[in-house]
$ cat run_19.csv   # CSV, C-alpha atoms and all ligand atoms
chain,number,residue,atom,x,y,z
A,543,MET,CA,-7.6,-7.8,-40.7
A,544,LYS,CA,-4.4,-5.9,-39.7
A,545,ASN,CA,-1.8,-7.2,-37.3
A,546,ILE,CA,-1.0,-4.6,-34.5
A,547,THR,CA,2.1,-5.0,-32.3
A,548,VAL,CA,2.0,-3.8,-28.8
A,549,ILE,CA,5.2,-3.1,-27.0
A,550,GLU,CA,5.4,-2.4,-23.2
A,551,PRO,CA,8.1,-2.4,-20.6
A,552,GLN,CA,7.4,-4.8,-17.7
A,553,PHE,CA,6.7,-2.0,-15.2
A,554,VAL,CA,3.9,-0.7,-17.5
A,555,SER,CA,2.2,-4.1,-17.7
A,556,VAL,CA,2.3,-4.7,-13.9
A,557,PHE,CA,1.2,-1.1,-12.9
A,558,GLN,CA,-1.8,-0.7,-10.7
A,559,CYS,CA,-3.0,2.6,-9.1
A,560,ILE,CA,-2.7,2.3,-5.3
A,561,GLY,CA,-5.4,4.9,-4.7
A,562,SER,CA,-5.7,6.0,-1.1
A,563,GLU,CA,-2.2,4.6,-0.3
A,564,CYS,CA,-0.6,7.0,-2.8
A,565,ARG,CA,2.0,9.4,-1.4
A,566,ASP,CA,0.9,12.3,-3.7
A,567,HIS,CA,-2.5,11.6,-5.1
A,568,CYS,CA,-3.1,12.9,-8.7
A,569,CYS,CA,-6.5,14.2,-7.7
A,570,LYS,CA,-5.0,17.2,-6.1
A,571,GLY,CA,-3.0,20.3,-7.2
A,572,TRP,CA,-3.6,19.8,-10.9
A,573,ASP,CA,-6.2,21.1,-13.3
A,574,ILE,CA,-8.5,18.2,-14.0
A,575,THR,CA,-10.1,18.8,-17.4
A,576,LEU,CA,-13.4,17.0,-18.4
A,577,ASP,CA,-14.7,16.3,-21.8
A,578,LYS,CA,-18.2,17.2,-22.9
A,579,PRO,CA,-19.9,13.8,-22.3
A,580,THR,CA,-18.3,13.6,-18.8
A,581,VAL,CA,-19.5,17.1,-17.8
A,582,ASN,CA,-23.1,16.2,-18.9
A,583,ARG,CA,-22.9,12.7,-17.3
A,584,TYR,CA,-22.0,14.2,-13.9
A,585,LEU,CA,-24.4,17.2,-14.1
A,586,LYS,CA,-27.3,14.8,-15.0
A,587,SER,CA,-26.4,12.0,-12.7
A,588,SER,CA,-29.2,10.2,-10.9
A,589,ARG,CA,-27.0,10.1,-7.8
A,590,ILE,CA,-27.8,13.2,-6.0
A,591,GLU,CA,-24.4,13.6,-4.3
A,592,ILE,CA,-22.6,13.4,-7.7
A,593,LYS,CA,-25.1,15.8,-9.3
A,594,THR,CA,-24.8,18.3,-6.5
A,595,LEU,CA,-21.0,18.1,-6.4
A,596,ALA,CA,-20.8,18.5,-10.1
A,597,ALA,CA,-23.1,21.5,-10.1
A,598,GLU,CA,-21.1,23.2,-7.4
A,599,ASN,CA,-17.6,22.3,-8.6
A,600,ILE,CA,-17.5,21.9,-12.4
A,601,VAL,CA,-16.5,25.1,-14.2
A,602,THR,CA,-17.9,24.9,-17.7
A,603,THR,CA,-15.2,26.4,-20.0
A,604,ARG,CA,-16.4,25.0,-23.4
A,605,ARG,CA,-12.8,25.4,-24.8
A,606,SER,CA,-13.1,22.3,-26.9
A,607,TYR,CA,-15.0,19.0,-26.9
A,608,GLU,CA,-12.2,17.4,-24.9
A,609,ASN,CA,-11.8,20.4,-22.6
A,610,TRP,CA,-15.4,21.2,-21.9
A,611,GLY,CA,-15.1,21.8,-18.2
A,612,LYS,CA,-12.7,21.6,-15.3
A,613,MET,CA,-12.9,20.7,-11.6
A,614,LYS,CA,-12.7,23.4,-8.9
A,615,LEU,CA,-10.2,22.3,-6.3
A,616,ASN,CA,-11.2,22.6,-2.6
A,617,THR,CA,-9.2,24.6,-0.1
A,618,ALA,CA,-6.9,21.6,0.5
A,619,GLY,CA,-6.3,21.6,-3.2
A,620,ASN,CA,-8.2,18.3,-3.8
A,621,CYS,CA,-10.7,17.4,-6.4
A,622,ALA,CA,-14.2,17.7,-5.0
A,623,PHE,CA,-15.0,14.1,-5.8
A,624,LEU,CA,-12.2,12.8,-3.5
A,625,ASP,CA,-13.7,11.5,-0.2
A,626,GLU,CA,-12.2,11.5,3.3
A,627,ALA,CA,-10.6,8.1,2.6
A,628,ARG,CA,-9.0,9.7,-0.5
A,629,LEU,CA,-11.1,7.5,-2.8
A,630,CYS,CA,-12.9,8.9,-5.9
A,631,LYS,CA,-16.7,9.2,-5.3
A,632,VAL,CA,-17.4,8.9,-9.1
A,633,HIS,CA,-15.5,5.6,-9.1
A,634,SER,CA,-17.2,4.2,-6.0
A,635,GLU,CA,-20.7,5.4,-6.9
A,636,LEU,CA,-20.8,5.0,-10.7
A,637,GLY,CA,-18.0,2.7,-11.5
A,638,ALA,CA,-14.7,3.0,-13.5
A,639,SER,CA,-16.6,3.4,-16.8
A,640,ALA,CA,-18.1,6.7,-15.6
A,641,LEU,CA,-14.7,8.3,-15.1
A,642,SER,CA,-13.6,11.1,-17.5
A,643,PRO,CA,-11.0,10.0,-20.1
A,644,THR,CA,-8.3,12.0,-18.2
A,645,CYS,CA,-9.0,10.2,-14.9
A,646,ALA,CA,-9.6,6.8,-16.5
A,647,THR,CA,-6.2,6.8,-18.4
A,648,TYR,CA,-3.7,8.7,-16.2
A,649,PRO,CA,-0.8,7.8,-15.8
A,650,ARG,CA,-1.1,5.5,-18.9
A,651,GLY,CA,-0.2,6.7,-22.3
A,652,ALA,CA,1.0,5.3,-25.7
A,653,LYS,CA,2.7,6.2,-28.9
A,654,ILE,CA,0.5,5.0,-31.7
A,655,PHE,CA,1.9,4.1,-35.1
A,656,LYS,CA,0.1,2.6,-38.0
A,657,TYR,CA,0.8,-1.0,-37.0
A,658,GLU,CA,2.4,-0.5,-33.6
A,659,LYS,CA,1.5,0.7,-30.1
A,660,GLN,CA,4.2,1.6,-27.6
A,661,LYS,CA,2.7,1.8,-24.1
A,662,SER,CA,4.2,3.9,-21.3
A,663,LEU,CA,3.4,5.6,-18.0
A,664,ALA,CA,3.8,9.2,-16.8
A,665,LEU,CA,6.4,9.3,-14.0
A,666,SER,CA,4.5,12.2,-12.3
A,667,CYS,CA,2.7,9.2,-10.8
A,668,PRO,CA,4.8,8.2,-7.8
A,669,GLU,CA,3.7,4.6,-8.0
A,670,ALA,CA,4.8,4.4,-11.7
A,671,ALA,CA,8.1,5.9,-10.6
A,672,ARG,CA,8.4,3.3,-7.8
A,673,GLN,CA,7.6,0.4,-10.2
A,674,LEU,CA,10.2,1.7,-12.7
A,675,LEU,CA,13.0,2.2,-10.1
A,676,SER,CA,12.6,-0.7,-7.8
A,677,SER,CA,12.7,-3.7,-10.1
A,678,PRO,CA,15.8,-4.8,-12.1
A,679,ASP,CA,13.4,-6.1,-14.8
A,680,ALA,CA,11.2,-3.0,-15.0
A,681,MET,CA,12.5,-2.1,-18.5
A,682,LEU,CA,12.4,-5.6,-20.0
A,683,PHE,CA,10.1,-5.3,-23.0
A,684,GLU,CA,7.1,-7.5,-23.7
A,685,GLN,CA,5.6,-7.8,-27.1
A,686,THR,CA,2.1,-9.0,-28.0
A,687,ASN,CA,0.1,-8.9,-31.2
A,688,TYR,CA,-3.6,-8.6,-31.9
A,689,LEU,CA,-5.8,-8.3,-35.0
A,690,GLN,CA,-8.1,-5.3,-35.8
A,691,PRO,CA,-10.1,-4.5,-38.9
A,692,GLU,CA,-8.2,-1.4,-39.9
A,693,ALA,CA,-4.7,-0.1,-39.4
A,694,ASN,CA,-4.4,2.8,-36.8
A,695,LYS,CA,-4.9,6.2,-38.3
A,696,ALA,CA,-1.3,7.2,-37.6
A,697,GLN,CA,2.1,7.4,-39.3
A,698,GLU,CA,3.9,4.2,-40.2
A,699,LEU,CA,6.9,3.5,-37.9
A,700,ASP,CA,10.2,4.5,-39.4
A,701,GLN,CA,12.2,1.3,-39.1
A,702,GLU,CA,15.6,3.2,-39.1
A,703,LYS,CA,14.3,5.3,-36.2
A,704,LYS,CA,13.3,2.2,-34.4
A,705,LEU,CA,16.7,0.7,-34.9
A,706,LEU,CA,18.4,3.8,-33.6
A,707,ASN,CA,16.1,3.8,-30.6
A,708,LEU,CA,16.9,0.2,-29.8
A,709,MET,CA,20.7,0.9,-30.2
A,710,CYS,CA,20.5,3.9,-27.8
A,711,LEU,CA,18.5,1.8,-25.3
A,712,ASN,CA,21.2,-0.9,-25.4
A,713,ILE,CA,24.0,1.6,-25.1
A,714,VAL,CA,22.4,2.8,-21.9
A,715,LYS,CA,21.7,-0.8,-20.7
A,716,TYR,CA,25.4,-1.8,-21.1
A,717,SER,CA,26.5,1.2,-19.0
A,718,GLY,CA,25.0,-0.1,-15.8
A,719,GLU,CA,25.1,2.5,-13.0
A,720,HIS,CA,27.7,4.6,-15.0
A,721,ILE,CA,25.2,7.0,-16.6
A,722,ASP,CA,27.9,9.5,-17.4
A,723,GLU,CA,29.5,6.8,-19.6
A,724,ALA,CA,26.1,6.2,-21.3
A,725,PHE,CA,25.7,9.8,-22.2
A,726,TYR,CA,29.3,10.1,-23.5
A,727,ALA,CA,28.8,6.9,-25.6
A,728,LEU,CA,25.4,8.2,-26.9
A,729,ALA,CA,27.1,11.5,-27.9
A,730,SER,CA,29.8,9.7,-29.8
A,731,PHE,CA,27.3,7.4,-31.4
A,732,LEU,CA,25.0,10.2,-32.5
A,733,LEU,CA,27.9,12.2,-33.9
A,734,TYR,CA,28.7,9.2,-36.0
A,735,THR,CA,25.1,8.7,-37.2
A,736,GLY,CA,25.1,12.3,-38.4
A,737,LYS,CA,28.1,11.7,-40.6
A,738,VAL,CA,27.0,8.5,-42.3
A,739,ASN,CA,24.8,9.5,-45.1
A,740,ASP,CA,25.6,6.8,-47.6
A,741,ALA,CA,22.2,5.3,-48.1
A,742,ASP,CA,23.4,1.9,-49.5
A,743,ASP,CA,25.3,0.7,-46.5
A,744,ARG,CA,24.2,3.1,-43.8
A,745,VAL,CA,22.5,0.5,-41.7
A,746,ALA,CA,25.6,-1.8,-41.9
A,747,LYS,CA,27.8,1.1,-40.8
A,748,LEU,CA,25.5,2.0,-38.0
A,749,GLU,CA,25.6,-1.6,-36.8
A,750,ASP,CA,29.4,-1.7,-36.9
A,751,TYR,CA,29.7,1.5,-35.0
A,752,PHE,CA,27.1,0.4,-32.5
A,753,ALA,CA,29.1,-2.8,-31.8
A,754,GLN,CA,32.3,-0.7,-31.4
A,755,THR,CA,30.6,1.6,-29.0
A,756,ILE,CA,29.3,-1.3,-26.8
A,757,SER,CA,32.8,-2.9,-26.9
A,758,SER,CA,34.4,0.4,-25.9
A,759,LEU,CA,31.9,0.7,-23.0
A,760,THR,CA,32.5,-2.7,-21.7
A,761,GLN,CA,36.3,-2.6,-22.2
A,762,GLY,CA,36.7,0.8,-20.4
A,763,GLY,CA,37.5,2.9,-23.5
A,764,ILE,CA,34.6,5.2,-23.0
A,765,ARG,CA,35.7,5.7,-19.3
A,766,GLN,CA,39.2,6.6,-20.4
A,767,GLN,CA,37.9,9.2,-22.9
A,768,LEU,CA,35.5,10.6,-20.3
A,769,ASP,CA,38.3,10.9,-17.7
A,770,GLN,CA,40.1,13.4,-20.1
A,771,VAL,CA,37.1,15.8,-20.0
A,772,LYS,CA,37.5,18.7,-17.6
A,773,PRO,CA,34.2,19.8,-15.8
A,774,ASP,CA,32.8,23.2,-16.6
A,775,TYR,CA,31.7,24.4,-13.2
A,776,ASN,CA,30.3,27.7,-14.6
A,777,LEU,CA,28.0,25.9,-17.0
A,778,GLN,CA,26.9,23.5,-14.2
A,779,TRP,CA,26.3,26.4,-11.8
A,780,SER,CA,24.3,28.4,-14.4
A,781,LEU,CA,22.1,25.4,-15.1
A,782,LEU,CA,21.3,24.9,-11.4
A,783,LEU,CA,20.5,28.7,-11.1
A,784,ARG,CA,18.2,28.4,-14.1
A,785,MET,CA,16.4,25.5,-12.5
A,786,GLN,CA,15.9,27.4,-9.3
A,787,THR,CA,14.6,30.5,-11.2
A,788,TYR,CA,12.2,28.3,-13.1
A,789,PHE,CA,10.9,26.5,-10.0
A,790,GLY,CA,10.8,29.8,-8.0
A,791,GLY,CA,8.3,31.2,-10.5
A,792,ILE,CA,5.8,28.4,-9.9
A,793,THR,CA,3.6,29.0,-6.9
A,794,LYS,CA,1.3,26.0,-6.7
A,795,LEU,CA,1.5,22.7,-8.5
A,796,ARG,CA,1.2,19.0,-7.5
A,797,GLY,CA,4.6,17.7,-6.7
A,798,LEU,CA,6.1,21.1,-6.0
A,799,PRO,CA,6.2,20.9,-2.1
A,800,MET,CA,8.0,17.6,-2.4
A,801,LEU,CA,10.4,18.9,-5.0
A,802,ASP,CA,11.0,22.1,-2.9
A,803,HIS,CA,12.1,19.8,0.0
A,804,TYR,CA,15.0,18.6,-2.1
A,805,ILE,CA,15.7,21.9,-3.9
A,806,ASN,CA,16.2,23.7,-0.6
A,807,LYS,CA,19.1,21.3,0.2
A,808,LEU,CA,20.7,22.2,-3.1
A,809,ILE,CA,20.2,25.9,-2.5
A,810,TYR,CA,21.9,25.6,0.9
A,811,ILE,CA,25.0,24.1,-0.7
A,812,GLN,CA,25.1,26.7,-3.5
A,813,THR,CA,24.6,29.5,-1.0
A,814,GLU,CA,27.6,28.2,1.0
A,815,GLY,CA,29.7,28.4,-2.1
A,816,ALA,CA,28.4,31.8,-3.1
A,817,LYS,CA,29.2,33.2,0.4
A,818,ASN,CA,32.8,32.2,-0.1
A,819,ASN,CA,32.7,33.6,-3.6
A,820,ASP,CA,33.7,30.2,-4.8
A,821,ILE,CA,31.2,28.4,-7.0
A,822,ASN,CA,33.6,25.6,-7.7
A,823,GLN,CA,33.5,24.7,-4.0
A,824,SER,CA,29.7,23.9,-4.2
A,825,MET,CA,30.1,21.9,-7.5
A,826,VAL,CA,33.1,19.9,-6.2
A,827,ARG,CA,31.1,19.2,-3.0
A,828,LEU,CA,28.2,17.8,-4.9
A,829,GLU,CA,30.4,15.7,-7.2
A,830,ASN,CA,32.3,14.3,-4.2
A,831,ALA,CA,29.0,13.4,-2.5
A,832,TRP,CA,27.9,11.7,-5.7
A,833,GLN,CA,31.1,9.7,-6.1
A,834,SER,CA,31.7,8.8,-2.5
A,835,LYS,CA,28.1,8.2,-1.2
A,836,MET,CA,25.8,7.6,-4.2
A,837,MET,CA,28.0,5.6,-6.6
A,838,PRO,CA,28.6,2.8,-4.0
A,839,TRP,CA,24.8,2.8,-3.4
A,840,PHE,CA,24.0,2.6,-7.1
A,841,ALA,CA,26.7,-0.1,-7.6
A,842,GLU,CA,24.5,-2.4,-5.4
A,843,ARG,CA,21.4,-1.3,-7.4
A,844,PRO,CA,22.7,-0.7,-10.9
A,845,TRP,CA,19.2,-0.8,-12.4
A,846,VAL,CA,17.8,2.3,-10.5
A,847,MET,CA,19.1,5.2,-12.6
A,848,ASN,CA,19.7,2.9,-15.6
A,849,ASN,CA,16.0,2.0,-15.8
A,850,TYR,CA,15.2,5.7,-15.5
A,851,ILE,CA,17.4,6.7,-18.5
A,852,GLN,CA,16.2,3.7,-20.5
A,853,TYR,CA,12.7,4.9,-19.8
A,854,ARG,CA,13.5,8.4,-21.1
A,855,ILE,CA,15.0,7.0,-24.3
A,856,TYR,CA,12.0,4.7,-24.8
A,857,ASP,CA,9.2,7.1,-23.8
A,858,SER,CA,10.5,9.9,-26.1
A,859,PHE,CA,11.4,7.4,-28.9
A,860,PHE,CA,14.8,9.0,-28.8
A,861,PRO,CA,16.3,10.3,-31.0
A,862,GLY,CA,12.8,10.2,-32.7
A,863,ASP,CA,11.4,12.9,-34.9
A,864,ASP,CA,13.2,15.7,-36.7
A,865,SER,CA,11.8,18.5,-34.5
A,866,LEU,CA,15.3,19.0,-32.9
A,867,THR,CA,18.7,17.5,-33.9
A,868,PRO,CA,19.6,14.3,-32.1
A,869,LEU,CA,22.5,16.0,-30.3
A,870,MET,CA,20.2,18.8,-29.1
A,871,LYS,CA,17.8,16.2,-27.7
A,872,LEU,CA,20.7,14.5,-26.0
A,873,TYR,CA,21.8,17.8,-24.5
A,874,LEU,CA,18.4,18.4,-23.0
A,875,LEU,CA,18.3,14.8,-21.6
A,876,THR,CA,21.8,15.3,-20.1
A,877,ALA,CA,20.7,18.5,-18.5
A,878,ASP,CA,17.7,16.8,-16.9
A,879,TRP,CA,20.1,14.1,-15.7
A,880,PHE,CA,22.5,16.6,-14.3
A,881,LEU,CA,19.7,18.4,-12.4
A,882,LEU,CA,18.4,15.2,-10.9
A,883,LYS,CA,21.9,14.0,-10.0
A,884,SER,CA,22.5,17.4,-8.3
A,885,LEU,CA,19.3,17.1,-6.3
A,886,ILE,CA,20.2,13.5,-5.2
A,887,ALA,CA,23.8,14.5,-4.4
A,888,ALA,CA,22.6,17.5,-2.3
A,889,SER,CA,20.2,15.3,-0.3
A,890,VAL,CA,22.9,12.7,0.5
A,891,GLU,CA,25.4,15.5,1.4
A,892,MET,CA,23.0,17.2,3.8
A,893,VAL,CA,21.3,14.2,5.3
A,894,GLY,CA,24.1,11.7,5.2
A,895,GLN,CA,22.1,9.0,3.4
A,896,VAL,CA,19.6,8.5,0.7
A,897,ASP,CA,17.1,5.7,0.3
A,898,GLU,CA,15.0,4.5,-2.5
A,899,ASP,CA,12.1,6.6,-1.4
A,900,ASP,CA,14.2,9.8,-1.9
A,901,ILE,CA,15.0,8.8,-5.4
A,902,ILE,CA,11.3,8.1,-6.2
A,903,ASN,CA,10.3,11.4,-4.6
A,904,ILE,CA,12.8,13.4,-6.6
A,905,ILE,CA,12.0,11.8,-9.9
A,906,TYR,CA,8.2,11.8,-9.6
A,907,SER,CA,8.1,15.4,-8.3
A,908,TYR,CA,10.5,16.6,-11.0
A,909,HIS,CA,8.4,15.0,-13.6
A,910,SER,CA,5.2,16.4,-12.1
A,911,VAL,CA,6.5,19.9,-12.2
A,912,THR,CA,8.5,19.9,-15.5
A,913,LYS,CA,6.8,17.4,-17.7
A,914,HIS,CA,3.1,17.2,-16.9
A,915,THR,CA,1.9,19.1,-19.9
A,916,ALA,CA,3.4,19.9,-23.3
A,917,LYS,CA,3.4,23.6,-22.3
A,918,SER,CA,5.3,23.0,-19.0
A,919,ALA,CA,7.8,20.7,-20.7
A,920,LEU,CA,8.5,23.4,-23.4
A,921,ALA,CA,8.9,26.2,-20.9
A,922,PHE,CA,11.4,24.1,-18.9
A,923,VAL,CA,13.3,23.1,-22.0
A,924,ALA,CA,13.5,26.8,-23.1
A,925,GLU,CA,14.9,27.7,-19.7
A,926,ILE,CA,17.6,25.1,-19.5
A,927,ASN,CA,18.5,25.7,-23.2
A,928,LYS,CA,19.6,29.2,-22.3
A,929,THR,CA,22.7,27.9,-20.5
A,930,LYS,CA,24.1,26.0,-23.4
A,931,VAL,CA,27.5,27.2,-24.5
A,932,ASN,CA,28.8,27.0,-28.1
A,933,ASP,CA,27.0,23.8,-29.2
A,934,ASP,CA,25.1,20.8,-28.2
A,935,LEU,CA,28.3,18.9,-27.3
A,936,SER,CA,28.7,21.1,-24.3
A,937,LEU,CA,26.6,18.3,-22.7
A,938,ILE,CA,29.8,16.5,-22.0
A,939,TYR,CA,30.8,19.2,-19.5
A,940,LEU,CA,27.8,18.2,-17.4
A,941,LEU,CA,29.1,14.7,-17.0
A,942,LYS,CA,31.9,15.3,-14.5
A,1001,LIG,S1,-0.7,9.4,-8.7
A,1001,LIG,FE1,-0.7,7.3,-9.6
A,1001,LIG,S2,-0.9,5.8,-7.8
A,1001,LIG,FE2,-1.4,7.9,-7.1
A,1001,LIG,S3,-3.6,8.0,-7.2
A,1001,LIG,FE3,-2.9,8.9,-9.2
A,1001,LIG,S4,-2.7,7.1,-10.6
A,1001,LIG,FE4,-3.0,6.3,-8.5

$ encode --input "run_19.csv" --output "structure tokens"
Amino acid sequence: MKNITVIEPQFVSVFQCIGSECRDHCCKGWDITLDKPTVNRYLKSSRIEIKTLAAENIVTTRRSYENWGKMKLNTAGNCAFLDEARLCKVHSELGASALSPTCATYPRGAKIFKYEKQKSLALSCPEAARQLLSSPDAMLFEQTNYLQPEANKAQELDQEKKLLNLMCLNIVKYSGEHIDEAFYALASFLLYTGKVNDADDRVAKLEDYFAQTISSLTQGGIRQQLDQVKPDYNLQWSLLLRMQTYFGGITKLRGLPMLDHYINKLIYIQTEGAKNNDINQSMVRLENAWQSKMMPWFAERPWVMNNYIQYRIYDSFFPGDDSLTPLMKLYLLTADWFLLKSLIAASVEMVGQVDEDDIINIIYSYHSVTKHTAKSALAFVAEINKTKVNDDLSLIYLLK
């Protein structure tokens, strides 16, 4: 028998779908793909209503075993199996075991290694986002073990990558509500990891530098270094325009109306600056709103954005595989952070206050639009990567 370790943050273990209470149900606005057994099960169901709805609303695509059909959405954009009370008819008539793999698992997911499973949730689910952002303990990790006859058919976990991931998580954790300091410290730490190639004492050196980084964070050294950095308003402005261009090209998608509600506030502030031919004015206005209105709010709830960035580090197993350099990945993460920060700042500037629901709305809708599929995530990354100047370290100009 093989011993399998399961890791999950607390918000993953306590998650429960709230069904009809959900503020933006996942059974609307998205393509819902069905695998071959599910298509056949619905089309041949002994329940006449299920069978009729299936015959009328499943488009059989036969693209692959997993993608054998997809649901037509009705004029309201809802899955045809969703009833008036916003409950799933398949679930209520046939039980949870009859759901397609897509419907049965969302928003749950996991990274599988040979002897380890790292469970997570997609933040495009508003309830998952709420659970993550509302509890100080949401990112506390729980570990369990179980035995199974064979190891998972997956790569073995690279122990150094796991160590780096844990160090990055802790750097974020020690930064509290000061996420700008977390990114600066991560950049410094990753630069160092790229320079230490001496195999013999690499881990010892990494541990030393990690301890120094934490000390610098807690003693104010990182803050002092960050205070020397001058903001690059042109870079920030271009990134915001890129985001607007990208979102402007999407016509219909779950989460988009909610995201648009917040993007419009940002566009208003940018338009004011553009009218006066002064882009700096808009960027300074956003930064002032962030510092004067949001930072005091976050100081009372330091876990909110800290949990979010910890989640991103954990969920992507950052810095993870070698598909991109660690600094490039950090640049992309910082760009995401900057865009979310700008949306929050624009909202508080226009409305005068922000509450937890606004933060949840911004984060779940942003994830829904930019990260729901691998294709949408890649397209968004390609868009924001166009604004990078010189090298990946330009990320620090997004922190002020
Ligand atoms: S988005 Fe999340 S909470 Fe809402 S219905 Fe889907 S799984 Fe349930």

$ closest_atom_pairs --input "run_19.csv" --of "chain A" --to "ligand LIG 1001 (chain A)" --cutoff "9 Å" --atoms "all atoms listed in the file" --output "JSON lines"
{"residue": "A:Phe557", "atom": "CA", "partner": "A:LIG1001", "partner_atom": "S2", "distance": 8.8}
{"residue": "A:Gln558", "atom": "CA", "partner": "A:LIG1001", "partner_atom": "S2", "distance": 7.2}
{"residue": "A:Cys559", "atom": "CA", "partner": "A:LIG1001", "partner_atom": "FE4", "distance": 3.7}
{"residue": "A:Ile560", "atom": "CA", "partner": "A:LIG1001", "partner_atom": "S2", "distance": 4.7}
{"residue": "A:Gly561", "atom": "CA", "partner": "A:LIG1001", "partner_atom": "S3", "distance": 4.4}
{"residue": "A:Ser562", "atom": "CA", "partner": "A:LIG1001", "partner_atom": "S3", "distance": 6.8}
{"residue": "A:Glu563", "atom": "CA", "partner": "A:LIG1001", "partner_atom": "FE2", "distance": 7.6}
{"residue": "A:Cys564", "atom": "CA", "partner": "A:LIG1001", "partner_atom": "FE2", "distance": 4.5}
{"residue": "A:Arg565", "atom": "CA", "partner": "A:LIG1001", "partner_atom": "FE2", "distance": 6.8}
{"residue": "A:Asp566", "atom": "CA", "partner": "A:LIG1001", "partner_atom": "S1", "distance": 6.0}
{"residue": "A:His567", "atom": "CA", "partner": "A:LIG1001", "partner_atom": "S3", "distance": 4.3}
{"residue": "A:Cys568", "atom": "CA", "partner": "A:LIG1001", "partner_atom": "FE3", "distance": 4.0}
{"residue": "A:Cys569", "atom": "CA", "partner": "A:LIG1001", "partner_atom": "FE3", "distance": 6.6}
{"residue": "A:Arg628", "atom": "CA", "partner": "A:LIG1001", "partner_atom": "S3", "distance": 8.8}
{"residue": "A:Leu629", "atom": "CA", "partner": "A:LIG1001", "partner_atom": "S3", "distance": 8.7}
{"residue": "A:Cys645", "atom": "CA", "partner": "A:LIG1001", "partner_atom": "S4", "distance": 8.2}
{"residue": "A:Thr647", "atom": "CA", "partner": "A:LIG1001", "partner_atom": "S4", "distance": 8.6}
{"residue": "A:Tyr648", "atom": "CA", "partner": "A:LIG1001", "partner_atom": "S4", "distance": 5.9}
{"residue": "A:Pro649", "atom": "CA", "partner": "A:LIG1001", "partner_atom": "S4", "distance": 5.6}
{"residue": "A:Arg650", "atom": "CA", "partner": "A:LIG1001", "partner_atom": "S4", "distance": 8.6}
{"residue": "A:Ala664", "atom": "CA", "partner": "A:LIG1001", "partner_atom": "FE1", "distance": 8.7}
{"residue": "A:Leu665", "atom": "CA", "partner": "A:LIG1001", "partner_atom": "FE1", "distance": 8.6}
{"residue": "A:Ser666", "atom": "CA", "partner": "A:LIG1001", "partner_atom": "S1", "distance": 6.9}
{"residue": "A:Cys667", "atom": "CA", "partner": "A:LIG1001", "partner_atom": "S1", "distance": 4.0}
{"residue": "A:Pro668", "atom": "CA", "partner": "A:LIG1001", "partner_atom": "S1", "distance": 5.7}
{"residue": "A:Glu669", "atom": "CA", "partner": "A:LIG1001", "partner_atom": "S2", "distance": 4.8}
{"residue": "A:Ala670", "atom": "CA", "partner": "A:LIG1001", "partner_atom": "FE1", "distance": 6.6}
{"residue": "A:Ala671", "atom": "CA", "partner": "A:LIG1001", "partner_atom": "FE1", "distance": 9.0}

$ atom_distance --input "run_19.csv" --atom1 "CA of Phe683 in chain A" --atom2 "CA of Gln552 in chain A"
6.0 Å

$ closest_residue --input "run_19.csv" --among "A:Val548, A:Leu869, A:His803, A:Gln833" --to "Tyr734 in chain A" --atoms "only C-alpha atoms"
A:Leu869

$ residues_near_point --input "run_19.csv" --point "(-2.1, 19.7, -8.7)" --cutoff "6 Å" --atoms "all atoms listed in the file" --output "list in words"
Lys570, Gly571, Trp572, Leu795 and Arg796 of chain A

$ atom_distance --input "run_19.csv" --atom1 "CA of Leu941 in chain A" --atom2 "CA of Trp879 in chain A"
9.1 Å

$ residues_near_point --input "run_19.csv" --point "(26.0, -2.3, -25.9)" --cutoff "9 Å" --atoms "only C-alpha atoms" --output "PDB file with C-alpha atoms, in the coordinates of the input"
ATOM      1  CA  MET A 709      20.700   0.900 -30.200  1.00  0.00           C
ATOM      2  CA  CYS A 710      20.500   3.900 -27.800  1.00  0.00           C
ATOM      3  CA  LEU A 711      18.500   1.800 -25.300  1.00  0.00           C
ATOM      4  CA  ASN A 712      21.200  -0.900 -25.400  1.00  0.00           C
ATOM      5  CA  ILE A 713      24.000   1.600 -25.100  1.00  0.00           C
ATOM      6  CA  VAL A 714      22.400   2.800 -21.900  1.00  0.00           C
ATOM      7  CA  LYS A 715      21.700  -0.800 -20.700  1.00  0.00           C
ATOM      8  CA  TYR A 716      25.400  -1.800 -21.100  1.00  0.00           C
ATOM      9  CA  SER A 717      26.500   1.200 -19.000  1.00  0.00           C
ATOM     10  CA  PHE A 752      27.100   0.400 -32.500  1.00  0.00           C
ATOM     11  CA  ALA A 753      29.100  -2.800 -31.800  1.00  0.00           C
ATOM     12  CA  GLN A 754      32.300  -0.700 -31.400  1.00  0.00           C
ATOM     13  CA  THR A 755      30.600   1.600 -29.000  1.00  0.00           C
ATOM     14  CA  ILE A 756      29.300  -1.300 -26.800  1.00  0.00           C
ATOM     15  CA  SER A 757      32.800  -2.900 -26.900  1.00  0.00           C
ATOM     16  CA  SER A 758      34.400   0.400 -25.900  1.00  0.00           C
ATOM     17  CA  LEU A 759      31.900   0.700 -23.000  1.00  0.00           C
ATOM     18  CA  THR A 760      32.500  -2.700 -21.700  1.00  0.00           C
TER      19      THR A 760
END

$ closest_residue --input "run_19.csv" --among "A:Trp832, A:Tyr810, A:Tyr850, A:Phe840" --to "Lys883 in chain A" --atoms "all atoms listed in the file"
A:Trp832

$ closest_residue --input "run_19.csv" --among "A:Gln852, A:Gln701, A:Asp573, A:Ser889" --to "Thr915 in chain A" --atoms "all atoms listed in the file"
A:Asp573

$ atom_distance --input "run_19.csv" --atom1 "CA of Asn620 in chain A" --atom2 "CA of His633 in chain A"
15.6 Å

$ residues_around --input "run_19.csv" --residues "Ile904 in chain A" --least-positions-apart "6" --cutoff "8 Å" --atoms "only C-alpha atoms" --output "ChimeraX atom specification"
/A:800-801,804,882,885-886
